[in-house]
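Remarks on the structure that follows.
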Amino acid sequence: MRKLQMVDLKGQYEKIKTDVDKAIIDVVDSTAYINGPAVKQFQENLEQYMGVKHVIPCANGTDALQISMMGLGLQPGDEVITVDFTFAATVEVIALLNLTPVLIDVDKDTYNIDLKKLEEAITPKTKAIVPVHLFGHVAQMEEIMAIAKKHNLYVIEDNAQAIGANYTFKDGSHQKAGTIGNVGATSFFPSKNLGAYGDGGAIFTNDDDLAHTIRGIVNHGMYERYHHDVVGVNSRLDSVQAAILDIKLNHLDDYSSKRQNAARHYTEALSKSEHIETPKTETHKKCDNSNGICDTCDCHVFHQYTIKIKNGKRDELAEHFKKNDIPHGIYYPIPLHSQKAYKDERYDEKEFTVTNQLVDEVISLPMHTELDKEQIDYITSEIIRVVG
Ligand SMILES: *Cc1c(COP(=O)(O)O)cnc(C)c1O
């Protein structure tokens with residue numbers, strides 16, 4: 001059996017090595033290291049792939065979120081609602097801009113934003129909602145957009161984990177995750193579904209004015225050379241990363257289906273245990289098939305394959321994994337509202353029953369484009385041996 005890894009970046013690289021190596025050397029040869037033709041080309045190809053009018057590349061996913069909020073003109077004191085169960089970057093940028101983060105509980109089945117809690121959290125100060133498409137599964141965007149419209153709020157999609165996922169609306173039309181809200185932010189961190197060989201990120205929008213504003217913000221607030229109209233930042237995707245990403249973009253749909261296949265194998269084997277809850281895709285009716293894996297609409301691209309252990313044996317399983325060199329992760333071990341940096345008297349523990357339970361039950365299994373059936377069979381049999 002091939003060596004187990006949480007992500008297998010080397011195995012993936014070897015299959016595209018000739019193209020990637022050539023692309024890197026071409027950029028080095030060209031000396032157009034910053035904002036070179038490779039960046040423009042990737043931007044255009046990504047716009048086409050995503051079906052979005054504007055892609056603005058930037059330095060990383062955290063910047064993409066921050067710049068999106070700056071572009072929308074959010075002001076100190078504005079309340080921004082996001083989930084308690086996500087990577088800290090989502091809430092970090094809200095706090096950094098002196099906006100007021102409002103953390104809310106998630107849905108127990110999808111781990112995504114809870115619509116009822118969302119409506120309850122809206123106040124006259126609320127200006128924006130940041131749904132996170134956690135672990136690669138698109139949040140309920142149709143409903144979120146309706147709530148936003150009703151209350152006149154912006155929607156900023158944190159699409160760092162779900163690039164390539166498709167959202168299907170009730171009328172059957174599709175849109176890529178990250179292009180449905182006013183603005184979407186993604187990350188090209190190496191282990192993300194479309195990963196660079198370093199840092200990178202991008203912002204998506206169909207709004208021409210917002211795109212113009214954001215293009216200035218990423219470049220020191222300059223709209224005309226050496227005229228600084230607003231306070232901006234320096235946030236660029238470098239040309240080498242863009243050239244690599246442009247090659248990997250051609251493989252993204254194949255990468256997504258490889259992840260979905262691996263997820264299908266996992267779910268098939270783990271559904272046998274009554275103590276394990278496999279990922280559910282409940283974005284809309286079409287996803288409601290029996291094994292919980294969506295075959296029809298690609299609404300889950302499995303950035304992580306995360307299960308819940310329902311009989312209290314999660315830590316025992318993690319210990320067994322450690323002893324047997326089976327990679328795994330606990331995403332996330334502490335709810336954001338309990339993190340030192342984001343604790344706040346405004347929060348009431350009773351409001352976070354789901355996240356407080358998830359942190360004790362979840363465990364993420366190896367998930368990547370090179371995972372094979374033999375590896376999955378071994379991992380799942382070890383899980384059932386411990387959990388029962
Ligand atoms: C990775 C990630 C980010 C941040 O991306 P970076 O490129 O590492 O800055 C933001 N939000 C979520 C949900 C992420 O998973």
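Note on naming: chains are A, B, ... as they come in the structure tokens, residues start from 1 per chain, ligands start from 1 in the order shown.
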### Query
Could you pull out the alpha helix (DSSP H) residues of segment 306-357 of chain A from DSSP and send them as a ChimeraX atom specification?
/A:314-323,353-357
Would you output that residue set with N, CA, C and O atoms, as a PDB file, in the first residue's frame?
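So the final result, stored in part38.pdb, reads:
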ATOM      1  N   ARG A 314     -14.119   9.420  19.765  1.00  0.00           N
ATOM      2  CA  ARG A 314     -13.313  10.212  18.824  1.00  0.00           C
ATOM      3  C   ARG A 314     -11.851  10.293  19.254  1.00  0.00           C
ATOM      4  O   ARG A 314     -10.944  10.048  18.449  1.00  0.00           O
ATOM      5  N   ASP A 315     -11.613  10.611  20.533  1.00  0.00           N
ATOM      6  CA  ASP A 315     -10.228  10.771  20.979  1.00  0.00           C
ATOM      7  C   ASP A 315      -9.481   9.435  20.979  1.00  0.00           C
ATOM      8  O   ASP A 315      -8.296   9.385  20.664  1.00  0.00           O
ATOM      9  N   GLU A 316     -10.214   8.368  21.291  1.00  0.00           N
ATOM     10  CA  GLU A 316      -9.602   7.027  21.241  1.00  0.00           C
ATOM     11  C   GLU A 316      -9.178   6.700  19.808  1.00  0.00           C
ATOM     12  O   GLU A 316      -8.101   6.154  19.564  1.00  0.00           O
ATOM     13  N   LEU A 317     -10.036   7.070  18.858  1.00  0.00           N
ATOM     14  CA  LEU A 317      -9.714   6.842  17.443  1.00  0.00           C
ATOM     15  C   LEU A 317      -8.492   7.660  17.030  1.00  0.00           C
ATOM     16  O   LEU A 317      -7.586   7.146  16.361  1.00  0.00           O
ATOM     17  N   ALA A 318      -8.444   8.919  17.442  1.00  0.00           N
ATOM     18  CA  ALA A 318      -7.305   9.784  17.101  1.00  0.00           C
ATOM     19  C   ALA A 318      -6.010   9.186  17.665  1.00  0.00           C
ATOM     20  O   ALA A 318      -4.961   9.210  17.013  1.00  0.00           O
ATOM     21  N   GLU A 319      -6.097   8.652  18.869  1.00  0.00           N
ATOM     22  CA  GLU A 319      -4.948   8.020  19.524  1.00  0.00           C
ATOM     23  C   GLU A 319      -4.496   6.786  18.724  1.00  0.00           C
ATOM     24  O   GLU A 319      -3.308   6.597  18.468  1.00  0.00           O
ATOM     25  N   HIS A 320      -5.457   5.973  18.313  1.00  0.00           N
ATOM     26  CA  HIS A 320      -5.172   4.778  17.502  1.00  0.00           C
ATOM     27  C   HIS A 320      -4.516   5.176  16.171  1.00  0.00           C
ATOM     28  O   HIS A 320      -3.547   4.553  15.726  1.00  0.00           O
ATOM     29  N   PHE A 321      -5.041   6.225  15.546  1.00  0.00           N
ATOM     30  CA  PHE A 321      -4.463   6.731  14.297  1.00  0.00           C
ATOM     31  C   PHE A 321      -3.005   7.132  14.512  1.00  0.00           C
ATOM     32  O   PHE A 321      -2.136   6.824  13.712  1.00  0.00           O
ATOM     33  N   LYS A 322      -2.766   7.839  15.615  1.00  0.00           N
ATOM     34  CA  LYS A 322      -1.423   8.336  15.900  1.00  0.00           C
ATOM     35  C   LYS A 322      -0.453   7.169  16.024  1.00  0.00           C
ATOM     36  O   LYS A 322       0.615   7.173  15.430  1.00  0.00           O
ATOM     37  N   LYS A 323      -0.854   6.152  16.781  1.00  0.00           N
ATOM     38  CA  LYS A 323      -0.004   4.976  17.010  1.00  0.00           C
ATOM     39  C   LYS A 323       0.292   4.234  15.713  1.00  0.00           C
ATOM     40  O   LYS A 323       1.340   3.635  15.559  1.00  0.00           O
ATOM     41  N   THR A 353     -24.816  25.231  20.822  1.00  0.00           N
ATOM     42  CA  THR A 353     -24.902  23.800  21.145  1.00  0.00           C
ATOM     43  C   THR A 353     -24.248  22.938  20.059  1.00  0.00           C
ATOM     44  O   THR A 353     -23.603  21.950  20.368  1.00  0.00           O
ATOM     45  N   VAL A 354     -24.416  23.311  18.792  1.00  0.00           N
ATOM     46  CA  VAL A 354     -23.864  22.470  17.721  1.00  0.00           C
ATOM     47  C   VAL A 354     -22.340  22.541  17.695  1.00  0.00           C
ATOM     48  O   VAL A 354     -21.657  21.513  17.742  1.00  0.00           O
ATOM     49  N   THR A 355     -21.783  23.751  17.660  1.00  0.00           N
ATOM     50  CA  THR A 355     -20.316  23.817  17.568  1.00  0.00           C
ATOM     51  C   THR A 355     -19.660  23.230  18.815  1.00  0.00           C
ATOM     52  O   THR A 355     -18.628  22.565  18.701  1.00  0.00           O
ATOM     53  N   ASN A 356     -20.267  23.449  19.981  1.00  0.00           N
ATOM     54  CA  ASN A 356     -19.677  22.893  21.203  1.00  0.00           C
ATOM     55  C   ASN A 356     -19.646  21.366  21.167  1.00  0.00           C
ATOM     56  O   ASN A 356     -18.764  20.746  21.755  1.00  0.00           O
ATOM     57  N   GLN A 357     -20.600  20.768  20.451  1.00  0.00           N
ATOM     58  CA  GLN A 357     -20.618  19.311  20.317  1.00  0.00           C
ATOM     59  C   GLN A 357     -19.699  18.846  19.182  1.00  0.00           C
ATOM     60  O   GLN A 357     -18.980  17.849  19.315  1.00  0.00           O
TER      61      GLN A 357
END
### Query
Can I get the residues close to ligand 1 as a ChimeraX atom specification, where close means within 9 Å and we count only C-alpha atoms and all ligand atoms?
/A:59-65,86-91,132-135,158-162,185-192,199-201,303
Could you write those residues out with C-alpha atoms, as a tab-separated table (two decimals), in the first residue's frame?
chain	number	residue	atom	x	y	z
A	59	ALA	CA	-1.67	37.35	-2.16
A	60	ASN	CA	-3.71	34.86	-0.08
A	61	GLY	CA	-7.21	33.93	1.00
A	62	THR	CA	-7.11	35.98	4.19
A	63	ASP	CA	-6.29	39.10	2.16
A	64	ALA	CA	-9.07	38.20	-0.28
A	65	LEU	CA	-11.58	38.31	2.59
A	86	THR	CA	-14.50	27.83	10.52
A	87	PHE	CA	-10.81	28.62	10.15
A	88	ALA	CA	-9.95	31.73	12.18
A	89	ALA	CA	-9.09	33.85	9.11
A	90	THR	CA	-12.79	34.45	8.49
A	91	VAL	CA	-13.36	36.23	11.80
A	132	VAL	CA	-18.25	29.70	4.69
A	133	HIS	CA	-18.55	26.73	2.33
A	134	LEU	CA	-17.01	24.50	4.94
A	135	PHE	CA	-15.00	21.43	3.95
A	158	ASP	CA	-15.65	32.47	2.02
A	159	ASN	CA	-14.91	30.03	-0.78
A	160	ALA	CA	-11.42	29.05	0.40
A	161	GLN	CA	-12.45	25.39	0.73
A	162	ALA	CA	-14.95	24.98	-2.11
A	185	ALA	CA	-12.94	35.13	-1.65
A	186	THR	CA	-10.75	32.09	-2.23
A	187	SER	CA	-7.35	30.77	-1.25
A	188	PHE	CA	-4.69	28.99	-3.28
A	189	PHE	CA	-2.83	27.72	-0.20
A	190	PRO	CA	-1.02	24.54	-1.36
A	191	SER	CA	-3.40	22.09	0.34
A	192	LYS	CA	-6.58	23.79	-0.91
A	199	ASP	CA	0.59	31.48	-1.16
A	200	GLY	CA	-2.13	32.93	-3.34
A	201	GLY	CA	-5.73	34.06	-3.34
A	303	HIS	CA	-11.77	19.79	0.71
#### Entry: All residues 7 Å or closer to segment 248-261 of chain A, only C-alpha atoms, same chain fewer than 6 positions away omitted, as a list in words
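Close residues of segment 248-261 of chain A: Gly164, Leu194, Val301, Phe302, Met367, His368 and Thr369 of chain A.
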### Query
So which residues touch Ile217 of chain A within 10 Å, counting only C-alpha atoms, skipping near sequence neighbours fewer than 6 positions away, as a ChimeraX atom specification?
/A:67-68,70-71,211,223,228-235
Just-selected residues, C-alpha atoms written as a CSV table (one decimal), in the first residue's frame:
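Saved file out_31.csv follows:
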chain,number,residue,atom,x,y,z
A,67,ILE,CA,-10.0,43.3,0.7
A,68,SER,CA,-13.6,42.2,-0.1
A,70,MET,CA,-12.7,47.0,2.4
A,71,GLY,CA,-14.1,47.1,-1.1
A,211,ALA,CA,-14.2,45.1,-9.1
A,223,TYR,CA,-6.4,54.0,-9.6
A,228,HIS,CA,-3.6,57.2,-4.0
A,229,ASP,CA,-7.4,57.8,-3.6
A,230,VAL,CA,-8.1,55.4,-0.8
A,231,VAL,CA,-6.0,53.5,1.8
A,232,GLY,CA,-5.1,50.3,0.1
A,233,VAL,CA,-2.8,47.3,0.7
A,234,ASN,CA,-0.1,45.5,-1.3
A,235,SER,CA,-1.6,42.1,-2.2
#### Entry: Distance query segment 271-278 of chain A at most 9 Å, only C-alpha atoms, self and fewer than 5 positions along chain excluded, as a list of chain:residue names
A:Asp109, A:Tyr266, A:Asn291, A:Gly292, A:Tyr305, A:Thr306, A:Ile307, A:Lys308, A:Ile309, A:Lys310, A:Asn311, A:Ile384, A:Val387, A:Gly388
### Counting only C-alpha atoms, the option among A:Gly216, A:Gly51, A:Gly136, A:Pro124 closest to Asp78 of chain A
A:Pro124
Go through segment 54-238 of chain A and collect every residue that DSSP, computed from the backbone, puts in strand (DSSP E or B); the answer should be as a JSON list (two decimals) with C-alpha atoms, in the first residue's frame.
[["chain", "number", "residue", "atom", "x", "y", "z"],
["A", 54, "HIS", "CA", -14.22, 39.66, -12.55],
["A", 55, "VAL", "CA", -11.42, 37.74, -10.87],
["A", 56, "ILE", "CA", -8.98, 39.88, -8.90],
["A", 57, "PRO", "CA", -5.93, 37.82, -7.90],
["A", 58, "CYS", "CA", -4.27, 38.65, -4.59],
["A", 79, "GLU", "CA", -21.86, 44.01, 12.40],
["A", 80, "VAL", "CA", -20.75, 41.13, 10.22],
["A", 81, "ILE", "CA", -22.35, 37.75, 10.83],
["A", 82, "THR", "CA", -20.31, 34.62, 10.29],
["A", 83, "VAL", "CA", -20.04, 31.08, 11.62],
["A", 100, "THR", "CA", -18.02, 43.75, 14.92],
["A", 101, "PRO", "CA", -17.94, 39.97, 14.39],
["A", 102, "VAL", "CA", -21.20, 38.21, 15.23],
["A", 103, "LEU", "CA", -20.50, 34.49, 15.50],
["A", 104, "ILE", "CA", -23.42, 32.10, 15.14],
["A", 106, "VAL", "CA", -23.92, 26.03, 12.43],
["A", 113, "ILE", "CA", -24.41, 28.48, 8.53],
["A", 126, "THR", "CA", -25.82, 44.28, 10.56],
["A", 127, "LYS", "CA", -24.18, 45.06, 7.21],
["A", 128, "ALA", "CA", -22.89, 41.75, 5.88],
["A", 129, "ILE", "CA", -23.06, 37.96, 6.08],
["A", 130, "VAL", "CA", -20.03, 35.75, 5.50],
["A", 132, "VAL", "CA", -18.25, 29.70, 4.69],
["A", 137, "HIS", "CA", -19.78, 21.98, 0.71],
["A", 154, "TYR", "CA", -23.98, 42.22, 1.59],
["A", 155, "VAL", "CA", -22.97, 38.59, 1.16],
["A", 156, "ILE", "CA", -19.27, 37.75, 1.13],
["A", 157, "GLU", "CA", -18.65, 34.07, 0.35],
["A", 158, "ASP", "CA", -15.65, 32.47, 2.02],
["A", 166, "ASN", "CA", -21.47, 23.99, -8.16],
["A", 167, "TYR", "CA", -24.58, 25.32, -6.53],
["A", 168, "THR", "CA", -27.94, 24.37, -8.00],
["A", 174, "HIS", "CA", -26.19, 26.35, -11.63],
["A", 175, "GLN", "CA", -23.59, 28.79, -10.43],
["A", 176, "LYS", "CA", -20.10, 28.19, -9.07],
["A", 183, "VAL", "CA", -18.25, 39.08, -3.63],
["A", 184, "GLY", "CA", -16.39, 35.80, -3.06],
["A", 185, "ALA", "CA", -12.94, 35.13, -1.65],
["A", 186, "THR", "CA", -10.75, 32.09, -2.23],
["A", 187, "SER", "CA", -7.35, 30.77, -1.25],
["A", 201, "GLY", "CA", -5.73, 34.06, -3.34],
["A", 202, "ALA", "CA", -8.46, 35.62, -5.46],
["A", 203, "ILE", "CA", -11.61, 37.71, -5.23],
["A", 204, "PHE", "CA", -14.67, 37.11, -7.42],
["A", 205, "THR", "CA", -17.44, 39.54, -8.30],
["A", 219, "ASN", "CA", -2.56, 48.01, -5.41],
["A", 222, "MET", "CA", -4.00, 53.54, -6.75],
["A", 223, "TYR", "CA", -6.39, 54.05, -9.64],
["A", 224, "GLU", "CA", -3.94, 56.19, -11.54],
["A", 227, "HIS", "CA", -2.45, 58.89, -7.17],
["A", 228, "HIS", "CA", -3.63, 57.25, -3.96],
["A", 234, "ASN", "CA", -0.14, 45.49, -1.29],
["A", 238, "ASP", "CA", 3.10, 36.39, -8.13]]
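The space between atom CA of Met50 of chain A and atom CA of Gln304 of chain A spans 21.2 Å.
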### Message
Excluding segment 325-329 of chain A and its own-chain neighbours fewer than 4 positions away, which residues fall within 8 Å of it when counting only C-alpha atoms? Please give them as an MDAnalysis selection string.
### Response
chainID A and resid 4:6 318 321 363:366 379
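Minimum atom-to-atom distances from A:Leu46, A:Gly73, A:His337, A:Glu351 to Glu120 of chain A were compared using only C-alpha atoms, and the lowest value belongs to A:Glu351.
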### Task
Find the residues around Asp246 of chain A up to 9 Å (only C-alpha atoms counted), leave out those fewer than 6 positions away in its own chain, and share them as an MDAnalysis selection string.
chainID A and resid 38:39 41:43 45:46
Just the selected residues (all heavy atoms), exported as a JSON list (two decimals), in the first residue's frame, please.
[["chain", "number", "residue", "atom", "x", "y", "z"],
["A", 38, "ALA", "N", 1.54, 35.98, -17.15],
["A", 38, "ALA", "CA", 1.01, 34.74, -16.56],
["A", 38, "ALA", "C", -0.15, 35.03, -15.61],
["A", 38, "ALA", "O", -1.10, 34.25, -15.52],
["A", 38, "ALA", "CB", 2.13, 34.00, -15.82],
["A", 39, "VAL", "N", -0.08, 36.17, -14.92],
["A", 39, "VAL", "CA", -1.14, 36.52, -13.97],
["A", 39, "VAL", "C", -2.42, 36.86, -14.74],
["A", 39, "VAL", "O", -3.52, 36.40, -14.40],
["A", 39, "VAL", "CB", -0.71, 37.70, -13.07],
["A", 39, "VAL", "CG1", -1.84, 38.09, -12.12],
["A", 39, "VAL", "CG2", 0.54, 37.35, -12.28],
["A", 41, "GLN", "N", -3.23, 35.92, -17.74],
["A", 41, "GLN", "CA", -3.77, 34.74, -18.41],
["A", 41, "GLN", "C", -4.55, 33.86, -17.42],
["A", 41, "GLN", "O", -5.66, 33.39, -17.72],
["A", 41, "GLN", "CB", -2.61, 33.94, -19.01],
["A", 41, "GLN", "CG", -3.10, 32.79, -19.89],
["A", 41, "GLN", "CD", -1.97, 31.90, -20.35],
["A", 41, "GLN", "OE1", -0.90, 32.39, -20.71],
["A", 41, "GLN", "NE2", -2.20, 30.60, -20.34],
["A", 42, "PHE", "N", -3.99, 33.67, -16.23],
["A", 42, "PHE", "CA", -4.68, 32.87, -15.22],
["A", 42, "PHE", "C", -5.99, 33.54, -14.82],
["A", 42, "PHE", "O", -7.04, 32.90, -14.69],
["A", 42, "PHE", "CB", -3.78, 32.63, -14.01],
["A", 42, "PHE", "CG", -4.50, 31.99, -12.86],
["A", 42, "PHE", "CD1", -5.09, 30.74, -13.00],
["A", 42, "PHE", "CD2", -4.60, 32.63, -11.63],
["A", 42, "PHE", "CE1", -5.77, 30.13, -11.94],
["A", 42, "PHE", "CE2", -5.26, 32.04, -10.56],
["A", 42, "PHE", "CZ", -5.86, 30.79, -10.73],
["A", 43, "GLN", "N", -5.92, 34.86, -14.65],
["A", 43, "GLN", "CA", -7.12, 35.61, -14.28],
["A", 43, "GLN", "C", -8.24, 35.38, -15.30],
["A", 43, "GLN", "O", -9.38, 35.08, -14.93],
["A", 43, "GLN", "CB", -6.78, 37.09, -14.19],
["A", 43, "GLN", "CG", -7.96, 37.99, -13.86],
["A", 43, "GLN", "CD", -7.66, 39.44, -14.17],
["A", 43, "GLN", "OE1", -6.60, 39.96, -13.80],
["A", 43, "GLN", "NE2", -8.58, 40.10, -14.84],
["A", 45, "ASN", "N", -8.55, 32.94, -17.54],
["A", 45, "ASN", "CA", -9.00, 31.54, -17.57],
["A", 45, "ASN", "C", -9.88, 31.21, -16.36],
["A", 45, "ASN", "O", -10.83, 30.45, -16.47],
["A", 45, "ASN", "CB", -7.80, 30.59, -17.64],
["A", 45, "ASN", "CG", -7.13, 30.64, -19.00],
["A", 45, "ASN", "OD1", -7.77, 31.00, -20.00],
["A", 45, "ASN", "ND2", -5.85, 30.30, -19.06],
["A", 46, "LEU", "N", -9.53, 31.79, -15.23],
["A", 46, "LEU", "CA", -10.33, 31.53, -14.02],
["A", 46, "LEU", "C", -11.71, 32.22, -14.13],
["A", 46, "LEU", "O", -12.72, 31.65, -13.71],
["A", 46, "LEU", "CB", -9.57, 32.00, -12.77],
["A", 46, "LEU", "CG", -10.18, 31.60, -11.42],
["A", 46, "LEU", "CD1", -10.35, 30.08, -11.30],
["A", 46, "LEU", "CD2", -9.32, 32.12, -10.26]]
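Minimum atom-to-atom distance to Leu245 of chain A, evaluated using only C-alpha atoms, belongs to A:Lys40 out of A:Lys150, A:Lys40, A:Lys125, A:Arg2.
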